[in-house]
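S.K.: Pasting a structure below so you can have a look.
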Amino acid sequence: MTGLVDVPLALSQGEPSGVGPEIALMLWAARKRRDVPAFVAIGDPALFAARAKLIGLDAPVVEAEPEAAPALFADRFPVAPIGERCVAEPGHPDVRDAATVIGAIRHGVELVHAGRCAALVTAPIAKAPLVEAGFPHPGHTEYLGALAESLWGAPCRAVMLLWAEEIAVVPVTVHIPLSEAPKRLTEEEIVETARIVARDMRRRFRVEEPRLAVSGLNPHAGENGVLGPEDDAIVAPAVRRLKAEGIMATGPHPADTLFHAAARARYDVAICMYHDQALIPVKTLAFDRAVNVTLGLPFVRTSPDHGTAFDIAGTGTANPESLASALTLARRLSREPALA
């Protein structure tokens, strides 16, 4: 994507009743001091105007095509409308807003596909209103994979990477109940996930030989089967296959000793077996700075690594650091073409 320096990032509005709109506005207000990459917000312009007024920010919101956003960004907050209006109040999600949430994500991907935006950054969404509205996907990651397959016309497996300078983690199973994770964990799932991680760490992050540390599922990585059979029967064979393919993978490692500083120095990405095994350490070490990156896509997508924070929405007290990191990383990853 060389030459996209003047092409804006697309920033989807996320859940209208959450903190997404206001942290976008807060970063725009600090754009010069913080070197915030130019973006065009995707969603309802009235939502951003109302939220700016509520939290006391002088942010002139204007409707804009993506091509005009970089020039407007200096003194106006550009929004590409999607033709839907939001109804929810801060802190009170409304199922009627599901169409705006889904539409903003879809339009953002379409703009990237058309070359009108350099990458997609997504504000946090709330899953419950979307499920109530009939949304068939477990979360952002899965929906983005489906959109990529539809627009780019090729099979796509989306993988969630949580990234910060000091830690990077990937869960193999993601938005499913913990009780289901051992049932759905397979050797093939681990291998396919790790292949995508190794490939995109080379292609996107320019890590020449990515080192992957694969965690065990059970305490002590099963301790030779005494604490569960999955590590010997599923995880270890997956690691052997990855090594045979030339991928620098080790494991299964006991998860309780995988995330201290000395351990992290020995790998680039930890491949974890379930959601919280991956997200607890990254949110402990880098809660305000971690970025959710979707690997396996034909485009760059990042997101702040936090939720909608309904309890503080509309107060202007949300911390925009994770969104700032997501925007900065999206600019970095999209400025150069992915390696073959």
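Each chain of the structure tokens is named A, B, ... in the order shown, its residues numbered from 1; ligands are numbered from 1 in display order.
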Neighbours of region 248-253 of chain A within 12 Å (only C-alpha atoms; same-chain residues fewer than 5 positions away dropped), as a short mmCIF file (atom, residue, chain, number, x, y, z; two decimals) with N, CA and C atoms, in the first residue's frame?

M.R.:
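selection.cif, written as the output of this step:
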```
data_model
loop_
_atom_site.label_atom_id
_atom_site.label_comp_id
_atom_site.auth_asym_id
_atom_site.auth_seq_id
_atom_site.Cartn_x
_atom_site.Cartn_y
_atom_site.Cartn_z
N ILE A 190 -5.17 -25.39 15.88
CA ILE A 190 -3.92 -24.80 16.38
C ILE A 190 -2.95 -24.56 15.22
N VAL A 191 -2.82 -25.54 14.35
CA VAL A 191 -1.88 -25.43 13.23
C VAL A 191 -2.30 -24.31 12.29
N ALA A 194 -1.71 -20.87 13.92
CA ALA A 194 -0.29 -20.54 14.00
C ALA A 194 0.31 -20.22 12.63
N ARG A 195 -0.15 -20.91 11.60
CA ARG A 195 0.34 -20.61 10.24
C ARG A 195 0.01 -19.16 9.86
N VAL A 197 -0.62 -16.67 11.90
CA VAL A 197 0.17 -15.77 12.75
C VAL A 197 1.58 -15.63 12.20
N ALA A 198 2.22 -16.76 11.90
CA ALA A 198 3.60 -16.71 11.39
C ALA A 198 3.66 -15.94 10.07
N ARG A 199 2.70 -16.20 9.19
CA ARG A 199 2.69 -15.52 7.90
C ARG A 199 2.51 -14.01 8.04
N VAL A 207 8.58 -9.19 10.91
CA VAL A 207 9.38 -10.06 11.77
C VAL A 207 9.89 -11.20 10.89
N GLU A 208 11.18 -11.25 10.65
CA GLU A 208 11.73 -12.17 9.65
C GLU A 208 11.47 -13.63 9.98
N GLU A 209 11.70 -14.03 11.22
CA GLU A 209 11.46 -15.41 11.65
C GLU A 209 10.66 -15.39 12.95
N PRO A 210 9.35 -15.30 12.85
CA PRO A 210 8.52 -15.19 14.06
C PRO A 210 8.68 -16.41 14.97
N ARG A 211 8.85 -16.13 16.26
CA ARG A 211 8.95 -17.19 17.27
C ARG A 211 7.61 -17.31 17.98
N LEU A 212 7.00 -18.49 17.89
CA LEU A 212 5.69 -18.72 18.48
C LEU A 212 5.82 -19.64 19.68
N ALA A 213 5.31 -19.19 20.82
CA ALA A 213 5.26 -20.02 22.03
C ALA A 213 3.83 -20.50 22.20
N VAL A 214 3.62 -21.80 22.12
CA VAL A 214 2.28 -22.37 22.19
C VAL A 214 2.01 -22.82 23.62
N SER A 215 0.95 -22.29 24.20
CA SER A 215 0.61 -22.65 25.58
C SER A 215 -0.09 -23.99 25.63
N GLY A 216 -0.06 -24.59 26.80
CA GLY A 216 -0.88 -25.77 27.05
C GLY A 216 -2.29 -25.36 27.39
N LEU A 217 -3.21 -26.29 27.33
CA LEU A 217 -4.59 -26.04 27.72
C LEU A 217 -4.77 -26.19 29.22
N ASN A 218 -4.17 -27.23 29.79
CA ASN A 218 -4.39 -27.58 31.19
C ASN A 218 -3.30 -27.01 32.09
N PRO A 219 -3.51 -27.00 33.40
CA PRO A 219 -2.45 -26.61 34.31
C PRO A 219 -1.20 -27.45 34.07
N HIS A 220 -0.04 -26.79 34.14
CA HIS A 220 1.25 -27.46 33.94
C HIS A 220 1.34 -28.13 32.57
N ALA A 221 0.56 -27.61 31.59
CA ALA A 221 0.51 -28.21 30.26
C ALA A 221 0.19 -29.70 30.32
N GLY A 222 -0.70 -30.05 31.27
CA GLY A 222 -1.18 -31.42 31.39
C GLY A 222 -0.32 -32.34 32.24
N GLU A 223 0.91 -31.96 32.47
CA GLU A 223 1.85 -32.75 33.28
C GLU A 223 1.81 -34.23 32.89
N ASN A 224 2.18 -34.46 31.61
CA ASN A 224 2.25 -35.83 31.08
C ASN A 224 0.91 -36.58 31.16
N GLU A 230 -5.39 -33.41 26.76
CA GLU A 230 -5.39 -32.61 25.54
C GLU A 230 -4.00 -32.13 25.13
N ASP A 231 -3.15 -31.82 26.10
CA ASP A 231 -1.84 -31.27 25.74
C ASP A 231 -0.97 -32.29 25.02
N ASP A 232 -1.00 -33.53 25.48
CA ASP A 232 -0.24 -34.59 24.80
C ASP A 232 -0.90 -35.03 23.51
N ALA A 233 -2.23 -35.03 23.49
CA ALA A 233 -2.95 -35.60 22.35
C ALA A 233 -3.21 -34.59 21.23
N ILE A 234 -3.30 -33.29 21.58
CA ILE A 234 -3.69 -32.28 20.59
C ILE A 234 -2.61 -31.21 20.41
N VAL A 235 -2.18 -30.59 21.51
CA VAL A 235 -1.29 -29.44 21.40
C VAL A 235 0.11 -29.86 20.95
N ALA A 236 0.69 -30.87 21.59
CA ALA A 236 2.05 -31.29 21.24
C ALA A 236 2.17 -31.73 19.78
N PRO A 237 1.22 -32.54 19.26
CA PRO A 237 1.31 -32.89 17.84
C PRO A 237 1.23 -31.68 16.91
N ALA A 238 0.43 -30.68 17.30
CA ALA A 238 0.33 -29.47 16.49
C ALA A 238 1.67 -28.75 16.44
N VAL A 239 2.35 -28.68 17.58
CA VAL A 239 3.66 -28.02 17.62
C VAL A 239 4.65 -28.78 16.75
N ARG A 240 4.62 -30.09 16.80
CA ARG A 240 5.53 -30.88 15.96
C ARG A 240 5.28 -30.62 14.47
N ARG A 241 4.01 -30.52 14.09
CA ARG A 241 3.70 -30.23 12.69
C ARG A 241 4.22 -28.86 12.27
N LEU A 242 4.06 -27.89 13.14
CA LEU A 242 4.53 -26.54 12.82
C LEU A 242 6.05 -26.52 12.65
N LYS A 243 6.75 -27.21 13.54
CA LYS A 243 8.21 -27.29 13.41
C LYS A 243 8.61 -27.95 12.10
N LEU A 258 4.33 -18.37 31.31
CA LEU A 258 4.59 -17.95 29.94
C LEU A 258 4.66 -16.44 29.76
N PHE A 259 4.25 -15.67 30.77
CA PHE A 259 4.07 -14.24 30.52
C PHE A 259 4.93 -13.32 31.37
N ALA A 263 10.34 -14.82 30.18
CA ALA A 263 9.69 -15.73 29.23
C ALA A 263 9.32 -15.00 27.95
N ARG A 266 11.67 -14.61 24.99
CA ARG A 266 12.04 -15.77 24.18
C ARG A 266 11.07 -16.04 23.02
N TYR A 267 10.02 -15.22 22.88
CA TYR A 267 9.09 -15.43 21.77
C TYR A 267 8.53 -14.10 21.29
N ASP A 268 7.93 -14.12 20.10
CA ASP A 268 7.29 -12.93 19.54
C ASP A 268 5.79 -12.92 19.77
N VAL A 269 5.17 -14.10 19.71
CA VAL A 269 3.72 -14.22 19.92
C VAL A 269 3.44 -15.48 20.73
N ALA A 270 2.55 -15.35 21.71
CA ALA A 270 2.08 -16.53 22.45
C ALA A 270 0.77 -17.00 21.83
N ILE A 271 0.72 -18.27 21.45
CA ILE A 271 -0.51 -18.86 20.92
C ILE A 271 -1.21 -19.55 22.08
N CYS A 272 -2.37 -19.04 22.47
CA CYS A 272 -3.07 -19.53 23.65
C CYS A 272 -4.31 -20.33 23.24
N MET A 273 -4.79 -21.15 24.15
CA MET A 273 -5.84 -22.10 23.79
C MET A 273 -7.25 -21.55 23.94
#
```

S.K.: If we count only C-alpha atoms and set the cut-off at 12 Å, which residues sit around Phe205 (chain A), ignoring sequence neighbours fewer than 5 positions away in its own chain? Please answer as a list of chain:residue names.

M.R.: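 Here the answer would be A:Leu161, A:Trp163, A:Glu165, A:Ala168, A:Val197, A:Ala198, A:Arg199, A:Asp200, A:Pro210, A:Asp268, A:Val269, A:Val293, A:Leu295, A:Val300, A:Leu329, A:Ala330, A:Arg332, A:Leu333, A:Ser334, A:Arg335, A:Glu336, A:Pro337, A:Ala338, A:Leu339.
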
S.K.: As a PyMOL selection string, list the residues of region 4-217 of chain A assigned to helix (DSSP H, G or I) by DSSP on the backbone atoms of this structure.

M.R.: chain A and resi 20-29+31-34+45-55+66-72+95-113+127-132+140-152+178-184+187-203

S.K.: As a list in words, please: the residues near Leu111 (chain A) (cut-off 12 Å, only C-alpha atoms, same-chain neighbours under 5 positions excluded).

M.R.: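 Surrounding residues, per the criterion: Val7, Pro8, Leu9, Ala10, Leu11, Ser12, Val40, Ala41, Ile42, Glu65, Pro66, Glu67, Ala80, Ile82, Ala104, Ile105, Arg106, Arg116, Cys117, Ala118, Ala119, Leu120, Val121, Leu151 and Phe299 of chain A.
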
S.K.: Take CA of Asp311 (chain A) and CA of Leu47 (chain A) and report the distance between them in Å, one decimal.

M.R.: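 Between these atoms lies a distance of 18.2 Å.
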
S.K.: With a distance cut-off of 12 Å and only C-alpha atoms, select the neighbouring residues of Ala154 (chain A), excluding the residue or stretch itself and same-chain residues fewer than 3 positions from it, and output the selection as a ChimeraX atom specification.

M.R.: /A:145-151,157,296-298

S.K.: Since we have the selection now, will you write its residues out, keeping N, CA, C and O atoms, as a PDB file, in the first residue's frame?

M.R.:
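Wrote it out as again.pdb, contents follow:
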```pdb
ATOM      1  N   GLY A 145     -14.060 -11.398   8.761  1.00  0.00           N
ATOM      2  CA  GLY A 145     -13.669 -12.503   7.900  1.00  0.00           C
ATOM      3  C   GLY A 145     -14.719 -12.768   6.837  1.00  0.00           C
ATOM      4  O   GLY A 145     -14.392 -12.997   5.662  1.00  0.00           O
ATOM      5  N   ALA A 146     -15.996 -12.736   7.219  1.00  0.00           N
ATOM      6  CA  ALA A 146     -17.073 -12.960   6.258  1.00  0.00           C
ATOM      7  C   ALA A 146     -17.129 -11.852   5.217  1.00  0.00           C
ATOM      8  O   ALA A 146     -17.334 -12.116   4.017  1.00  0.00           O
ATOM      9  N   LEU A 147     -16.955 -10.606   5.639  1.00  0.00           N
ATOM     10  CA  LEU A 147     -16.942  -9.488   4.694  1.00  0.00           C
ATOM     11  C   LEU A 147     -15.772  -9.602   3.725  1.00  0.00           C
ATOM     12  O   LEU A 147     -15.917  -9.332   2.523  1.00  0.00           O
ATOM     13  N   ALA A 148     -14.616  -9.997   4.235  1.00  0.00           N
ATOM     14  CA  ALA A 148     -13.442 -10.135   3.375  1.00  0.00           C
ATOM     15  C   ALA A 148     -13.676 -11.198   2.311  1.00  0.00           C
ATOM     16  O   ALA A 148     -13.340 -11.011   1.131  1.00  0.00           O
ATOM     17  N   GLU A 149     -14.255 -12.323   2.702  1.00  0.00           N
ATOM     18  CA  GLU A 149     -14.545 -13.377   1.719  1.00  0.00           C
ATOM     19  C   GLU A 149     -15.512 -12.879   0.651  1.00  0.00           C
ATOM     20  O   GLU A 149     -15.351 -13.168  -0.545  1.00  0.00           O
ATOM     21  N   SER A 150     -16.524 -12.115   1.068  1.00  0.00           N
ATOM     22  CA  SER A 150     -17.518 -11.620   0.131  1.00  0.00           C
ATOM     23  C   SER A 150     -16.924 -10.616  -0.854  1.00  0.00           C
ATOM     24  O   SER A 150     -17.166 -10.693  -2.064  1.00  0.00           O
ATOM     25  N   LEU A 151     -16.126  -9.680  -0.361  1.00  0.00           N
ATOM     26  CA  LEU A 151     -15.621  -8.600  -1.210  1.00  0.00           C
ATOM     27  C   LEU A 151     -14.395  -9.005  -2.015  1.00  0.00           C
ATOM     28  O   LEU A 151     -14.251  -8.607  -3.168  1.00  0.00           O
ATOM     29  N   ARG A 157      -9.632 -16.809   6.762  1.00  0.00           N
ATOM     30  CA  ARG A 157      -9.714 -17.220   8.158  1.00  0.00           C
ATOM     31  C   ARG A 157      -9.160 -16.074   9.009  1.00  0.00           C
ATOM     32  O   ARG A 157      -7.974 -15.761   8.956  1.00  0.00           O
ATOM     33  N   GLY A 296      -4.903 -12.496   8.979  1.00  0.00           N
ATOM     34  CA  GLY A 296      -5.564 -13.359   8.013  1.00  0.00           C
ATOM     35  C   GLY A 296      -6.462 -12.646   7.032  1.00  0.00           C
ATOM     36  O   GLY A 296      -7.062 -13.274   6.157  1.00  0.00           O
ATOM     37  N   LEU A 297      -6.580 -11.314   7.157  1.00  0.00           N
ATOM     38  CA  LEU A 297      -7.419 -10.540   6.254  1.00  0.00           C
ATOM     39  C   LEU A 297      -6.591  -9.971   5.105  1.00  0.00           C
ATOM     40  O   LEU A 297      -5.382  -9.769   5.247  1.00  0.00           O
ATOM     41  N   PRO A 298      -7.236  -9.650   3.983  1.00  0.00           N
ATOM     42  CA  PRO A 298      -6.511  -8.996   2.892  1.00  0.00           C
ATOM     43  C   PRO A 298      -6.364  -7.488   3.088  1.00  0.00           C
ATOM     44  O   PRO A 298      -5.985  -6.775   2.157  1.00  0.00           O
TER      45      PRO A 298
END
```

S.K.: List the neighbours of Asp276 (chain A) out to 12 Å using only C-alpha atoms; skip same-chain residues closer than 5 positions along the sequence, and give me the result as a PyMOL selection string.

M.R.: chain A and resi 162+169-178+181+217+255+281-284

S.K.: Using Å and a single decimal, report how far CA of His140 (chain A) sits from CA of Ser325 (chain A).

M.R.: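 Between CA of Ser325 (chain A) and CA of His140 (chain A) the gap works out to 18.2 Å.
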
S.K.: Running DSSP on the backbone, which parts of region 75-308 of chain A land in strand (DSSP E), as a PyMOL selection string?

M.R.: chain A and resi 77-81+120-122+159-164+167-171+211-215+248-253+269-272+291-295+301-304

S.K.: Compile the contact shell of Ala128 (chain A) as a ChimeraX atom specification: residues with an atom at most 12 Å away, counting only C-alpha atoms, same-chain residues fewer than 2 positions apart removed.

M.R.: /A:15,92-95,97-98,125-126,130-139,308

S.K.: Residues at most 7 Å from Leu27 (chain A), counting only C-alpha atoms, excluding those fewer than 4 positions away in the same chain, as a list in words?

M.R.: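 Residues near the query, excluding close chain neighbours: Ile23, Arg31, Val36 and Pro320 of chain A.
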
S.K.: Which one of A:Glu166, A:Glu84, A:Glu321, A:Glu192 sits closest to Arg96 (chain A) if you count only C-alpha atoms?

M.R.: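 Closest to Arg96 (chain A) of all the choices is A:Glu84.
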